[in-house]
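To start, the structure itself, in structure tokens.
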Amino acid sequence: MSDLNVIVIAGGLSPEREVSLRSGSRVADALRRAGGVEVELRDIGKDLLSALATDAPSVVFPVLHGVAGEDGTIKEVLELAGVPYVGARPYACRSAFDKTTAKAILQEAGLRTPESVTLPKQAFHDLGAAELTARVLARLGPDLFVKPRACGSAFGVSRVESPEDLPQALMTCFAYHDEALIERRVTGTEIAVGVADLGDGPRALPAVEIDAGTGLYDYTARYTPGAVEFHCPARLPAEVAQEAARVAVAAHEALGLLDLSRTDAIVTEAGEVFVLETNVAPGMTETSTYPMALEEEGLDFGHFCRDLAAQAAHRHGLFA
């Protein structure tokens, strides 16, 4: 393989900056160990475009989470700069990052997602919070999750177990986004299913089961070693594991994603798979599920990242 000059972009200004820096550092280190790659780790800043123009890399590997990372912004910038990159194109990133839009696309593709409503902060002010929350509870019941319409790493997410919890959950949500996605809680086994495409079509990696005990798989639980128990492969019957794999690939394709993704889902006792969301930029930290699944599949992390970078560099020009 000829040498690749790869810029790994991490950091940014979203609440997930620290996670992105950890993920980016891990990807950059893995690429260096893989060999055949010149690697530079860069943050987002005013000098990024000039740096790309002065010394254009073979490819950019974005490892950005949250706004400006997963919402398609950085991909639009890279396309303006004429620089190839790993991962989905801007329109697909926008669709996947917006949870409400993504749910509609997934439902159209025949996939199950929890019943939900999406309401802006202004609606509770204009229509009366008490009346509106009463209607939400009548539709969805008292056991809910409240999430920002577009955000990652479980920022602003709250579990609602009684009607009295809903107002505070909405306030927490609105600190991160002006629109709230309110979902009926589906009980079962929480899993994360990575999807990888190295040129022969998307395929599912082994599902990772996430056991957060009685707690919530929130930001602290996601990125604190030992806070959550993981099982890879997930402890699922073979036919249910196959269905989870099918759903993850179907979500990846329905959203128009490229290279890699991770679908988070709940598997009910009846074996039904409900998609919670599909992530275009999976975390790559030491506690992230995507690298766990790669290892279980027998794929070297560094070689995998190098192959994705080479693939992205090769397809450059096809979208022009």
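By order in the structure tokens, chains are A, B, ...; within a chain, residues start at 1; ligands start at 1, following the order shown.
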- prompt: Which neighbours of range 80-94 of chain A fall inside 9 Å, counting only C-alpha atoms, when residues of the same chain fewer than 6 positions from it are skipped, and could you give them as a ChimeraX atom specification?
  reply: /A:49,52-53,56-62,69-74,101-102,255-261,279-281,308-317,320
task: Considering only C-alpha atoms, state which residue in the set A:Arg112, A:Arg246, A:His231, A:His252 is at the smallest distance from Thr289 in chain A.
output: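 Ranked by minimum distance to Thr289 in chain A, first place goes to A:His231.
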Given only C-alpha atoms as the counted atoms, nearest of A:Glu253, A:Asp211, A:Glu40, A:Asp200 to Ile105 in chain A: A:Glu253
- request: Please return as an MDAnalysis selection string: the residues of range 78-178 of chain A that backbone DSSP assigns to strand (DSSP E).
  value: chainID A and resid 116:120 144:148 158:160
Writer output for current selection, all heavy atoms, as an mmCIF file, in the first residue's frame:
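What landed in selection.cif:
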```cif
data_model
loop_
_atom_site.group_PDB
_atom_site.id
_atom_site.type_symbol
_atom_site.label_atom_id
_atom_site.label_comp_id
_atom_site.auth_asym_id
_atom_site.auth_seq_id
_atom_site.Cartn_x
_atom_site.Cartn_y
_atom_site.Cartn_z
ATOM 1 N N SER A 116 -43.297 8.197 19.543
ATOM 2 C CA SER A 116 -42.764 9.455 20.068
ATOM 3 C C SER A 116 -43.547 10.644 19.556
ATOM 4 O O SER A 116 -44.340 10.545 18.608
ATOM 5 C CB SER A 116 -41.291 9.607 19.672
ATOM 6 O OG SER A 116 -41.178 9.773 18.262
ATOM 7 N N VAL A 117 -43.283 11.796 20.168
ATOM 8 C CA VAL A 117 -43.705 13.095 19.654
ATOM 9 C C VAL A 117 -42.509 14.035 19.775
ATOM 10 O O VAL A 117 -41.651 13.853 20.643
ATOM 11 C CB VAL A 117 -44.914 13.681 20.423
ATOM 12 C CG1 VAL A 117 -46.135 12.795 20.283
ATOM 13 C CG2 VAL A 117 -44.576 13.880 21.898
ATOM 14 N N THR A 118 -42.453 15.030 18.883
ATOM 15 C CA THR A 118 -41.400 16.044 18.934
ATOM 16 C C THR A 118 -42.062 17.398 19.074
ATOM 17 O O THR A 118 -42.937 17.761 18.281
ATOM 18 C CB THR A 118 -40.543 16.016 17.659
ATOM 19 O OG1 THR A 118 -39.930 14.727 17.534
ATOM 20 C CG2 THR A 118 -39.454 17.085 17.711
ATOM 21 N N LEU A 119 -41.640 18.139 20.101
ATOM 22 C CA LEU A 119 -42.253 19.431 20.373
ATOM 23 C C LEU A 119 -41.188 20.479 20.684
ATOM 24 O O LEU A 119 -40.224 20.203 21.420
ATOM 25 C CB LEU A 119 -43.204 19.324 21.564
ATOM 26 C CG LEU A 119 -44.480 18.494 21.340
ATOM 27 C CD1 LEU A 119 -45.158 18.198 22.665
ATOM 28 C CD2 LEU A 119 -45.431 19.243 20.408
ATOM 29 N N PRO A 120 -41.343 21.696 20.151
ATOM 30 C CA PRO A 120 -40.390 22.765 20.462
ATOM 31 C C PRO A 120 -40.695 23.396 21.821
ATOM 32 O O PRO A 120 -41.828 23.336 22.321
ATOM 33 C CB PRO A 120 -40.612 23.767 19.328
ATOM 34 C CG PRO A 120 -42.050 23.581 18.955
ATOM 35 C CD PRO A 120 -42.334 22.119 19.153
ATOM 36 N N LEU A 144 -41.162 7.260 30.054
ATOM 37 C CA LEU A 144 -40.683 7.936 28.855
ATOM 38 C C LEU A 144 -39.184 8.200 28.908
ATOM 39 O O LEU A 144 -38.551 8.134 29.962
ATOM 40 C CB LEU A 144 -41.380 9.302 28.704
ATOM 41 C CG LEU A 144 -42.901 9.346 28.739
ATOM 42 C CD1 LEU A 144 -43.367 10.784 28.912
ATOM 43 C CD2 LEU A 144 -43.469 8.741 27.458
ATOM 44 N N PHE A 145 -38.639 8.535 27.740
ATOM 45 C CA PHE A 145 -37.332 9.172 27.647
ATOM 46 C C PHE A 145 -37.524 10.506 26.933
ATOM 47 O O PHE A 145 -38.258 10.600 25.943
ATOM 48 C CB PHE A 145 -36.336 8.314 26.859
ATOM 49 C CG PHE A 145 -35.638 7.277 27.685
ATOM 50 C CD1 PHE A 145 -36.022 5.952 27.617
ATOM 51 C CD2 PHE A 145 -34.612 7.636 28.547
ATOM 52 C CE1 PHE A 145 -35.393 4.987 28.392
ATOM 53 C CE2 PHE A 145 -33.977 6.680 29.323
ATOM 54 C CZ PHE A 145 -34.358 5.359 29.254
ATOM 55 N N VAL A 146 -36.869 11.521 27.447
ATOM 56 C CA VAL A 146 -36.877 12.842 26.818
ATOM 57 C C VAL A 146 -35.468 13.132 26.329
ATOM 58 O O VAL A 146 -34.507 13.024 27.090
ATOM 59 C CB VAL A 146 -37.343 13.930 27.797
ATOM 60 C CG1 VAL A 146 -37.281 15.309 27.137
ATOM 61 C CG2 VAL A 146 -38.752 13.648 28.290
ATOM 62 N N LYS A 147 -35.346 13.488 25.031
ATOM 63 C CA LYS A 147 -34.033 13.684 24.419
ATOM 64 C C LYS A 147 -34.033 14.966 23.589
ATOM 65 O O LYS A 147 -35.041 15.302 22.975
ATOM 66 C CB LYS A 147 -33.709 12.519 23.463
ATOM 67 C CG LYS A 147 -33.884 11.138 24.053
ATOM 68 C CD LYS A 147 -33.692 10.064 22.977
ATOM 69 C CE LYS A 147 -33.889 8.668 23.532
ATOM 70 N NZ LYS A 147 -33.695 7.621 22.495
ATOM 71 N N PRO A 148 -32.905 15.648 23.521
ATOM 72 C CA PRO A 148 -32.793 16.730 22.540
ATOM 73 C C PRO A 148 -32.958 16.164 21.130
ATOM 74 O O PRO A 148 -32.483 15.064 20.843
ATOM 75 C CB PRO A 148 -31.368 17.259 22.750
ATOM 76 C CG PRO A 148 -30.981 16.812 24.123
ATOM 77 C CD PRO A 148 -31.689 15.505 24.335
ATOM 78 N N SER A 158 -33.140 12.366 29.659
ATOM 79 C CA SER A 158 -33.666 12.034 30.984
ATOM 80 C C SER A 158 -34.667 10.900 30.877
ATOM 81 O O SER A 158 -35.420 10.810 29.904
ATOM 82 C CB SER A 158 -34.365 13.244 31.621
ATOM 83 O OG SER A 158 -33.480 14.320 31.815
ATOM 84 N N ARG A 159 -34.678 10.062 31.895
ATOM 85 C CA ARG A 159 -35.716 9.040 32.018
ATOM 86 C C ARG A 159 -36.855 9.614 32.849
ATOM 87 O O ARG A 159 -36.639 10.234 33.899
ATOM 88 C CB ARG A 159 -35.122 7.803 32.716
ATOM 89 C CG ARG A 159 -36.190 6.822 33.203
ATOM 90 C CD ARG A 159 -36.216 5.550 32.456
ATOM 91 N NE ARG A 159 -37.290 4.689 32.961
ATOM 92 C CZ ARG A 159 -37.090 3.631 33.729
ATOM 93 N NH1 ARG A 159 -35.860 3.271 34.057
ATOM 94 N NH2 ARG A 159 -38.111 2.898 34.128
ATOM 95 N N VAL A 160 -38.063 9.435 32.376
ATOM 96 C CA VAL A 160 -39.261 9.892 33.082
ATOM 97 C C VAL A 160 -40.020 8.658 33.543
ATOM 98 O O VAL A 160 -40.391 7.804 32.738
ATOM 99 C CB VAL A 160 -40.136 10.761 32.158
ATOM 100 C CG1 VAL A 160 -41.465 11.090 32.834
ATOM 101 C CG2 VAL A 160 -39.405 12.032 31.766
#
```
message: Using DSSP secondary structure from the backbone, list all alpha helix (DSSP H) positions within range 71-280 of chain A, as a VMD selection string.
response: chain A and resid 73 to 81 90 to 97 99 to 108 121 to 127 129 to 140 166 to 174 219 to 223 238 to 254
query: Got a sec: who's within 9 Å of Val27 in chain A, counting only C-alpha atoms, leaving out chain neighbours fewer than 6 positions off, as a list in words?
result: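 My list of contacting residues is Val8, Phe61, Val63, Met284, Thr285, Phe301, Gly302 and Cys305 of chain A.
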- request: List the neighbours of range 206-208 of chain A out to 7 Å using only C-alpha atoms; skip same-chain residues closer than 5 positions along the sequence, and give me the result as a list in words.
  value: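 Counting only the stated atoms, we get Ile191, Ala192, Val193, Phe230, His231, Cys232, Pro233, Ala234, Thr289, Ala293, Glu296 and Glu297 of chain A.
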Only N, CA and C atoms, please: the residues just picked out, written as a tab-separated table (two decimals), in the first residue's frame.
```tsv
chain	number	residue	atom	x	y	z
A	191	ILE	N	-28.52	-2.70	23.14
A	191	ILE	CA	-27.39	-3.15	22.36
A	191	ILE	C	-26.90	-2.04	21.44
A	192	ALA	N	-25.66	-2.18	21.01
A	192	ALA	CA	-25.09	-1.30	19.99
A	192	ALA	C	-24.53	-2.20	18.89
A	193	VAL	N	-24.92	-1.93	17.66
A	193	VAL	CA	-24.49	-2.76	16.53
A	193	VAL	C	-23.74	-1.88	15.54
A	230	PHE	N	-20.16	-4.62	29.74
A	230	PHE	CA	-20.40	-4.90	28.32
A	230	PHE	C	-20.25	-6.39	28.05
A	231	HIS	N	-21.07	-6.87	27.13
A	231	HIS	CA	-20.96	-8.26	26.68
A	231	HIS	C	-20.87	-8.25	25.15
A	232	CYS	N	-19.77	-8.78	24.64
A	232	CYS	CA	-19.59	-8.84	23.20
A	232	CYS	C	-19.06	-10.22	22.82
A	233	PRO	N	-19.85	-10.99	22.08
A	233	PRO	CA	-21.14	-10.60	21.51
A	233	PRO	C	-22.24	-10.53	22.56
A	234	ALA	N	-23.30	-9.80	22.22
A	234	ALA	CA	-24.45	-9.69	23.13
A	234	ALA	C	-25.06	-11.05	23.40
A	289	THR	N	-18.16	1.11	22.19
A	289	THR	CA	-18.56	-0.22	21.75
A	289	THR	C	-18.03	-0.58	20.36
A	293	ALA	N	-16.43	-4.26	19.15
A	293	ALA	CA	-17.01	-5.13	18.13
A	293	ALA	C	-15.98	-5.47	17.06
A	296	GLU	N	-13.85	-8.23	18.49
A	296	GLU	CA	-14.58	-9.50	18.51
A	296	GLU	C	-14.65	-10.10	17.10
A	297	GLU	N	-14.73	-9.25	16.09
A	297	GLU	CA	-14.80	-9.71	14.71
A	297	GLU	C	-13.43	-10.15	14.19
```
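Here the question is which of A:Arg26, A:Arg262, A:Arg235, A:Arg32 gets nearest to Ala196 in chain A using only C-alpha atoms, and that residue is A:Arg262.
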task: State, in Å with one decimal place, the distance from CA of Glu239 in chain A to CA of Ala212 in chain A.
output: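 According to the coordinates, CA of Glu239 in chain A and CA of Ala212 in chain A are separated by 24.2 Å.
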Nearest residue to Asp3 in chain A from the set A:Asp178, A:Glu38, A:Asp126, A:Asp98 (distances using only C-alpha atoms):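 The closest residue to Asp3 in chain A is A:Glu38.
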Coordinates-based distance that separates CA of Tyr290 in chain A from CA of Leu41 in chain A (Å, one decimal): 20.4 Å
Computed interatomic separation between CA of Glu209 in chain A and CA of Glu183 in chain A (Å):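 Atom-to-atom, CA of Glu209 in chain A to CA of Glu183 in chain A, that is 21.2 Å.
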